[in-house]
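**Student:** Please read through the structure below; I'll follow up with questions.
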Amino acid sequence: MKKLIASLFALVMIAGAARAETVTPLVSIDWVKAHIGEPGIVFLDVRGELDGATKQTYLDGHIPGAIWTDYLKDGWRTQDGNGTIAQLSTVDTLETTIGNLGIENEHHVVIVPAGKSALDMGTATRIYWTFKVVGHDAVSILNGGMQAYTAEIDEKTKLPVNPLEQGEVKLEPTIFSAELREEMLVDKTDMAAAATAGEVIVDNRPQDQFLGLNKHGKAKRAGTIPGARNLPENWLTQNGGTFRDRDTISKLYAMAGIPTEGAQVSFCNTGHWASLGWFVSQEILGNEQARMYDGSMVEWSADPKLPVDSALDNQTGGEKLTQLIQ
């Protein structure tokens with residue numbers, strides 16, 4: 001009996017290892033259809049307020065077996081001790097949030113966004129980044145999201161061809177154990193040091209915010225971090241939430257004057273659009289030195305000691321930043 005149990009345990013471990021090796025950052029619609037109902041795979045539907053959806057949207061139709069989470073309210077992000085909104089929650093909170101969804105450390109999580117725009121794909125990449133930060137590598141995103149999944153319509157029924165399920169799916173709460181990867185976390189001190197060290201700084205906000213014409217409602221000052229290069233988030237997807245192919249993205253990086261290799265930090269306003277930039281750099285282009293600044297401009301602009309550049313006002317803060325670091 002002991003030999004049998006040991007053999008079964010070994011088979012489970014081998015299967016888990018094989019799954020981990022085959023996990024890719026993006027999965028296709030065909031991949032999803034082929035893995036519906038497969039043990040060990042959890043489809044996580046993240047449609048919500050940012051794409052104009054509600055929980056009812058999920059209840060009306062979702063990938064069979066998919067569970068749902070509220071990105072804005074379920075503990076994925078929080079206000080930190082300095083009052084910066086939408087920051088990474090504590091490890092304890094994230095363990096509770098993920099465990100309450102019924103997600104175990106052994107699960108392969110496939111995140112399913114709305115797929116309507118770069119904004120809602122940012123929901124998927126932000127949650128993806130969070131899983132990576134807590135040490136969970138078996139995570140993917142459905143490329144194109146639900147918009148692509150439901151795009152093909154049956155001519156007779158006028159309903160989507162791909163299978164859908166109504167109602168709520170809930171998994172039994174479980175224990176999820178996090179292993180925080182602190183090397184992935186960038187605070188404002190790290191950000192200032194990276195900028196003065198000559199690392200590539202990527203502003204993933206729309207161009208009007210990069211130039212200082214407009215700003216986030218919670219940002220104290222308009223403009224960008226000195227030395228930043230602009231790569232707007234909506235350059236990275238097409239037809240809503242489908243990521244552009246690697247070759248096209250490489251060309252866009254070249255147009256923006258951004259290398260595809262080497263130390264690089266992405267930022268936006270609160271680490272949402274920046275997660276999209278980080279995902280593209282790290283997971284599509286393969287730049288393992290890409291990182292993301294969670295606090296972004298809402299945190300940066302609140303510190304009067306930290307300079308901002310504004311093309312609109314012809315202001316440059318690069319020299320001041322260097323003096324501060326020195």
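Residue numbering restarts at 1 in every chain; chains get A, B, ... in the order shown in the structure tokens, and ligands count up from 1 in that same order.
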Would you kindly return, as a PyMOL selection string, each protein, DNA or RNA residue with an atom no farther than 9 Å from any atom of region 104-106 of chain A, considering only C-alpha atoms and excluding same-chain residues fewer than 4 positions away?
**Tutor:** chain A and resi 16+40+98-99+136+138+174-178
**Student:** Please identify all polymer residues within 9 Å of Leu72 (chain A), counting only C-alpha atoms, omitting same-chain residues fewer than 6 positions from it, and present them as a PDB file with N, CA and C atoms, in the first residue's frame.
**Tutor:**
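So the final result, stored in part-v5.pdb, reads:
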ATOM      1  N   GLY A  48     -15.443  43.489 -14.936  1.00  0.00           N
ATOM      2  CA  GLY A  48     -15.986  44.315 -13.868  1.00  0.00           C
ATOM      3  C   GLY A  48     -16.163  45.760 -14.271  1.00  0.00           C
ATOM      4  N   GLU A  49     -16.127  46.644 -13.286  1.00  0.00           N
ATOM      5  CA  GLU A  49     -16.466  48.050 -13.494  1.00  0.00           C
ATOM      6  C   GLU A  49     -15.605  48.735 -14.549  1.00  0.00           C
ATOM      7  N   LEU A  50     -14.338  48.385 -14.623  1.00  0.00           N
ATOM      8  CA  LEU A  50     -13.447  49.074 -15.559  1.00  0.00           C
ATOM      9  C   LEU A  50     -13.827  48.843 -17.013  1.00  0.00           C
ATOM     10  N   THR A  78      -4.921  47.931  -2.564  1.00  0.00           N
ATOM     11  CA  THR A  78      -5.346  48.653  -1.372  1.00  0.00           C
ATOM     12  C   THR A  78      -4.671  50.017  -1.325  1.00  0.00           C
ATOM     13  N   ALA A  86      -4.676  52.115  -4.672  1.00  0.00           N
ATOM     14  CA  ALA A  86      -4.539  50.997  -5.616  1.00  0.00           C
ATOM     15  C   ALA A  86      -3.173  50.336  -5.605  1.00  0.00           C
TER      16      ALA A  86
END
**Student:** Which one of A:Asp154, A:Met191, A:Glu95, A:Val109 sits closest to His35 (chain A) if you count only C-alpha atoms?
**Tutor:**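 Of A:Asp154, A:Met191, A:Glu95, A:Val109, the one nearest His35 (chain A) is A:Val109, counting only C-alpha atoms.
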**Student:** Tell me, as a ChimeraX atom specification, which residues lie within 12 Å of Ile225 (chain A), counting only C-alpha atoms; anything in the same chain fewer than 4 positions away does not count.
**Tutor:** /A:188,191-196,200-205,209-212,221,229-230,265-269,293,296-301,306-311,315-318,320-321
**Student:** Closest to Leu276 (chain A) among A:Lys73, A:Lys156, A:Arg126, A:His216, using only C-alpha atoms?
**Tutor:** A:Arg126
**Student:** Taking only C-alpha atoms into account, which of A:Thr69, A:Gly277, A:Glu288, A:Gln147 comes nearest Asn239 (chain A)?
**Tutor:** A:Gln147
**Student:** Rank nothing, just name the residue among A:Pro113, A:Gly135, A:Gly83, A:Gly286 nearest to Gly52 (chain A), using only C-alpha atoms.
**Tutor:**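 The answer is A:Pro113, which sits nearest to Gly52 (chain A).
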**Student:** Residues within 9 Å of Arg246 (chain A), please, as a ChimeraX atom specification. Count only C-alpha atoms; anything in the same chain fewer than 2 positions from it doesn't count.
**Tutor:** /A:243-244,248-251,280,284-285
**Student:** Any idea what's packed within 8 Å of region 41-47 of chain A, counting only C-alpha atoms, ignoring anything in its chain fewer than 2 positions away? Could you give it as a count of residues only?
**Tutor:** 33
**Student:** Where in region 134-235 of chain A does DSSP assign alpha helix (DSSP H), given as a ChimeraX atom specification?
**Tutor:** /A:145-149,188-196,207-211
**Student:** Emit the selected residues as a compact mmCIF listing (two decimals), in the first residue's frame, including all heavy atoms.
**Tutor:**
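Saved file out_22.txt follows:
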# COMPACT_ATOMS: atom_id res chain seq x y z
N GLY A 145 -9.55 37.92 -24.46
CA GLY A 145 -10.60 37.89 -23.46
C GLY A 145 -11.94 37.37 -23.96
O GLY A 145 -12.03 36.67 -24.97
N MET A 146 -12.99 37.72 -23.23
CA MET A 146 -14.33 37.23 -23.57
C MET A 146 -14.86 37.81 -24.87
O MET A 146 -15.67 37.18 -25.55
CB MET A 146 -15.31 37.54 -22.43
CG MET A 146 -15.16 36.64 -21.21
SD MET A 146 -15.44 34.88 -21.57
CE MET A 146 -17.22 34.86 -21.82
N GLN A 147 -14.38 39.00 -25.24
CA GLN A 147 -14.84 39.57 -26.51
C GLN A 147 -14.43 38.66 -27.67
O GLN A 147 -15.24 38.40 -28.58
CB GLN A 147 -14.27 40.97 -26.72
CG GLN A 147 -14.63 41.57 -28.07
CD GLN A 147 -14.45 43.06 -28.13
OE1 GLN A 147 -15.25 43.81 -27.59
NE2 GLN A 147 -13.38 43.52 -28.78
N ALA A 148 -13.20 38.16 -27.64
CA ALA A 148 -12.75 37.26 -28.69
C ALA A 148 -13.41 35.89 -28.56
O ALA A 148 -13.77 35.27 -29.57
CB ALA A 148 -11.22 37.11 -28.63
N TYR A 149 -13.59 35.44 -27.32
CA TYR A 149 -14.17 34.10 -27.08
C TYR A 149 -15.61 34.02 -27.59
O TYR A 149 -16.05 32.96 -28.08
CB TYR A 149 -14.13 33.80 -25.58
CG TYR A 149 -14.60 32.42 -25.21
CD1 TYR A 149 -13.76 31.31 -25.31
CD2 TYR A 149 -15.90 32.22 -24.74
CE1 TYR A 149 -14.20 30.04 -24.96
CE2 TYR A 149 -16.35 30.95 -24.39
CZ TYR A 149 -15.49 29.87 -24.50
OH TYR A 149 -15.93 28.61 -24.16
N LYS A 188 9.51 54.35 -4.55
CA LYS A 188 9.93 55.61 -5.19
C LYS A 188 11.44 55.85 -5.06
O LYS A 188 12.04 56.47 -5.94
CB LYS A 188 9.14 56.78 -4.61
CG LYS A 188 9.32 57.03 -3.13
CD LYS A 188 8.42 58.19 -2.68
CE LYS A 188 8.58 58.46 -1.19
NZ LYS A 188 7.68 59.55 -0.74
N THR A 189 12.04 55.33 -4.00
CA THR A 189 13.50 55.46 -3.87
C THR A 189 14.21 54.63 -4.93
O THR A 189 15.17 55.09 -5.56
CB THR A 189 13.95 55.00 -2.47
OG1 THR A 189 13.29 55.80 -1.49
CG2 THR A 189 15.46 55.14 -2.31
N ASP A 190 13.70 53.41 -5.15
CA ASP A 190 14.26 52.56 -6.21
C ASP A 190 14.07 53.22 -7.57
O ASP A 190 14.95 53.17 -8.43
CB ASP A 190 13.57 51.20 -6.22
CG ASP A 190 13.76 50.42 -4.92
OD1 ASP A 190 14.83 50.54 -4.32
OD2 ASP A 190 12.83 49.70 -4.53
N MET A 191 12.91 53.84 -7.74
CA MET A 191 12.59 54.47 -9.02
C MET A 191 13.54 55.63 -9.30
O MET A 191 14.07 55.78 -10.41
CB MET A 191 11.15 54.97 -8.99
CG MET A 191 10.63 55.47 -10.32
SD MET A 191 10.26 54.11 -11.44
CE MET A 191 10.91 54.75 -12.95
N ALA A 192 13.80 56.45 -8.29
CA ALA A 192 14.71 57.58 -8.46
C ALA A 192 16.12 57.09 -8.76
O ALA A 192 16.82 57.63 -9.62
CB ALA A 192 14.70 58.44 -7.20
N ALA A 193 16.54 56.03 -8.06
CA ALA A 193 17.87 55.48 -8.29
C ALA A 193 18.00 54.90 -9.69
O ALA A 193 19.03 55.06 -10.35
CB ALA A 193 18.17 54.42 -7.24
N ALA A 194 16.95 54.23 -10.14
CA ALA A 194 16.97 53.64 -11.48
C ALA A 194 17.08 54.72 -12.54
O ALA A 194 17.82 54.58 -13.52
CB ALA A 194 15.71 52.80 -11.70
N ALA A 195 16.35 55.81 -12.34
CA ALA A 195 16.37 56.90 -13.31
C ALA A 195 17.75 57.54 -13.40
O ALA A 195 18.27 57.80 -14.50
CB ALA A 195 15.32 57.95 -12.95
N THR A 196 18.37 57.79 -12.26
CA THR A 196 19.69 58.42 -12.27
C THR A 196 20.78 57.47 -12.72
O THR A 196 21.84 57.91 -13.18
CB THR A 196 20.04 58.98 -10.88
OG1 THR A 196 19.98 57.92 -9.91
CG2 THR A 196 19.07 60.07 -10.48
N GLN A 207 -0.43 59.77 -24.07
CA GLN A 207 0.54 60.82 -24.37
C GLN A 207 0.19 62.16 -23.71
O GLN A 207 1.08 62.91 -23.30
CB GLN A 207 0.67 61.02 -25.88
CG GLN A 207 1.82 61.93 -26.27
CD GLN A 207 1.94 62.12 -27.77
OE1 GLN A 207 0.96 62.39 -28.45
NE2 GLN A 207 3.15 61.98 -28.30
N ASP A 208 -1.10 62.47 -23.60
CA ASP A 208 -1.48 63.76 -23.01
C ASP A 208 -1.04 63.85 -21.55
O ASP A 208 -0.66 64.93 -21.07
CB ASP A 208 -2.99 64.00 -23.14
CG ASP A 208 -3.82 62.98 -22.38
OD1 ASP A 208 -3.48 61.78 -22.45
OD2 ASP A 208 -4.79 63.37 -21.72
N GLN A 209 -1.05 62.73 -20.84
CA GLN A 209 -0.58 62.74 -19.45
C GLN A 209 0.95 62.78 -19.40
O GLN A 209 1.53 63.45 -18.54
CB GLN A 209 -1.12 61.52 -18.71
CG GLN A 209 -2.64 61.55 -18.54
CD GLN A 209 -3.15 60.43 -17.66
OE1 GLN A 209 -2.42 59.81 -16.90
NE2 GLN A 209 -4.45 60.15 -17.76
N PHE A 210 1.58 62.06 -20.30
CA PHE A 210 3.04 62.08 -20.38
C PHE A 210 3.56 63.49 -20.62
O PHE A 210 4.54 63.93 -20.02
CB PHE A 210 3.50 61.14 -21.50
CG PHE A 210 4.96 61.26 -21.85
CD1 PHE A 210 5.94 60.74 -21.01
CD2 PHE A 210 5.36 61.87 -23.04
CE1 PHE A 210 7.30 60.84 -21.33
CE2 PHE A 210 6.71 61.98 -23.37
CZ PHE A 210 7.68 61.46 -22.51
N LEU A 211 2.89 64.24 -21.47
CA LEU A 211 3.32 65.59 -21.82
C LEU A 211 2.98 66.61 -20.73
O LEU A 211 3.49 67.73 -20.74
CB LEU A 211 2.68 66.03 -23.14
CG LEU A 211 3.11 65.25 -24.39
CD1 LEU A 211 2.30 65.69 -25.59
CD2 LEU A 211 4.60 65.44 -24.65
**Student:** What does the structure give for the distance between CA of Lys218 (chain A) and CA of Gln238 (chain A), in Å to one decimal?
**Tutor:**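 So the answer is 28.5 Å.
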**Student:** To one decimal in Å, tell me the separation between CA of Gly262 (chain A) and CA of Met292 (chain A).
**Tutor:**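 About the pair CA of Gly262 (chain A) and CA of Met292 (chain A): they are 13.7 Å apart.
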**Student:** Excluding Gly295 (chain A) and residues on its chain fewer than 6 positions from it, collect all residues at most 7 Å away from it, counting only C-alpha atoms, and give them as a tab-separated table (two decimals) with all heavy atoms, in the first residue's frame.
**Tutor:**
chain	number	residue	atom	x	y	z
A	84	THR	N	-1.41	56.35	-0.81
A	84	THR	CA	-1.41	56.09	-2.26
A	84	THR	C	-2.41	54.99	-2.58
A	84	THR	O	-2.37	53.91	-1.99
A	84	THR	CB	-0.02	55.66	-2.75
A	84	THR	OG1	0.95	56.64	-2.35
A	84	THR	CG2	0.01	55.53	-4.27
A	87	GLN	N	-2.61	50.16	-4.40
A	87	GLN	CA	-1.30	49.53	-4.29
A	87	GLN	C	-1.43	48.04	-3.96
A	87	GLN	O	-2.50	47.56	-3.59
A	87	GLN	CB	-0.48	50.23	-3.21
A	87	GLN	CG	-0.21	51.69	-3.53
A	87	GLN	CD	0.52	51.87	-4.85
A	87	GLN	OE1	1.71	51.63	-4.94
A	87	GLN	NE2	-0.19	52.29	-5.88
A	187	ASP	N	9.94	50.77	-5.18
A	187	ASP	CA	9.35	51.92	-4.50
A	187	ASP	C	9.92	53.20	-5.10
A	187	ASP	O	10.73	53.16	-6.04
A	187	ASP	CB	9.56	51.85	-2.99
A	187	ASP	CG	11.03	51.86	-2.58
A	187	ASP	OD1	11.88	52.32	-3.39
A	187	ASP	OD2	11.34	51.42	-1.46
A	270	THR	N	-1.11	54.36	-11.20
A	270	THR	CA	-1.24	53.54	-9.99
A	270	THR	C	-0.82	52.09	-10.22
A	270	THR	O	-1.22	51.20	-9.47
A	270	THR	CB	-2.69	53.56	-9.48
A	270	THR	OG1	-3.55	52.98	-10.48
A	270	THR	CG2	-3.16	54.96	-9.15
A	271	GLY	N	-0.05	51.82	-11.26
A	271	GLY	CA	0.41	50.46	-11.50
A	271	GLY	C	-0.57	49.57	-12.24
A	271	GLY	O	-0.47	48.34	-12.15
**Student:** Tell me which of A:Val23, A:Leu312, A:Val133, A:Ala302 sits closest to Gly223 (chain A), counting only C-alpha atoms.
**Tutor:**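 Using only C-alpha atoms, Gly223 (chain A) sits closest to A:Leu312.
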**Student:** DSSP says strand (DSSP E or B) for which residues of region 18-68 of chain A? Put them as an MDAnalysis selection string?
**Tutor:** chainID A and resid 26:27 41:45 62 67:68
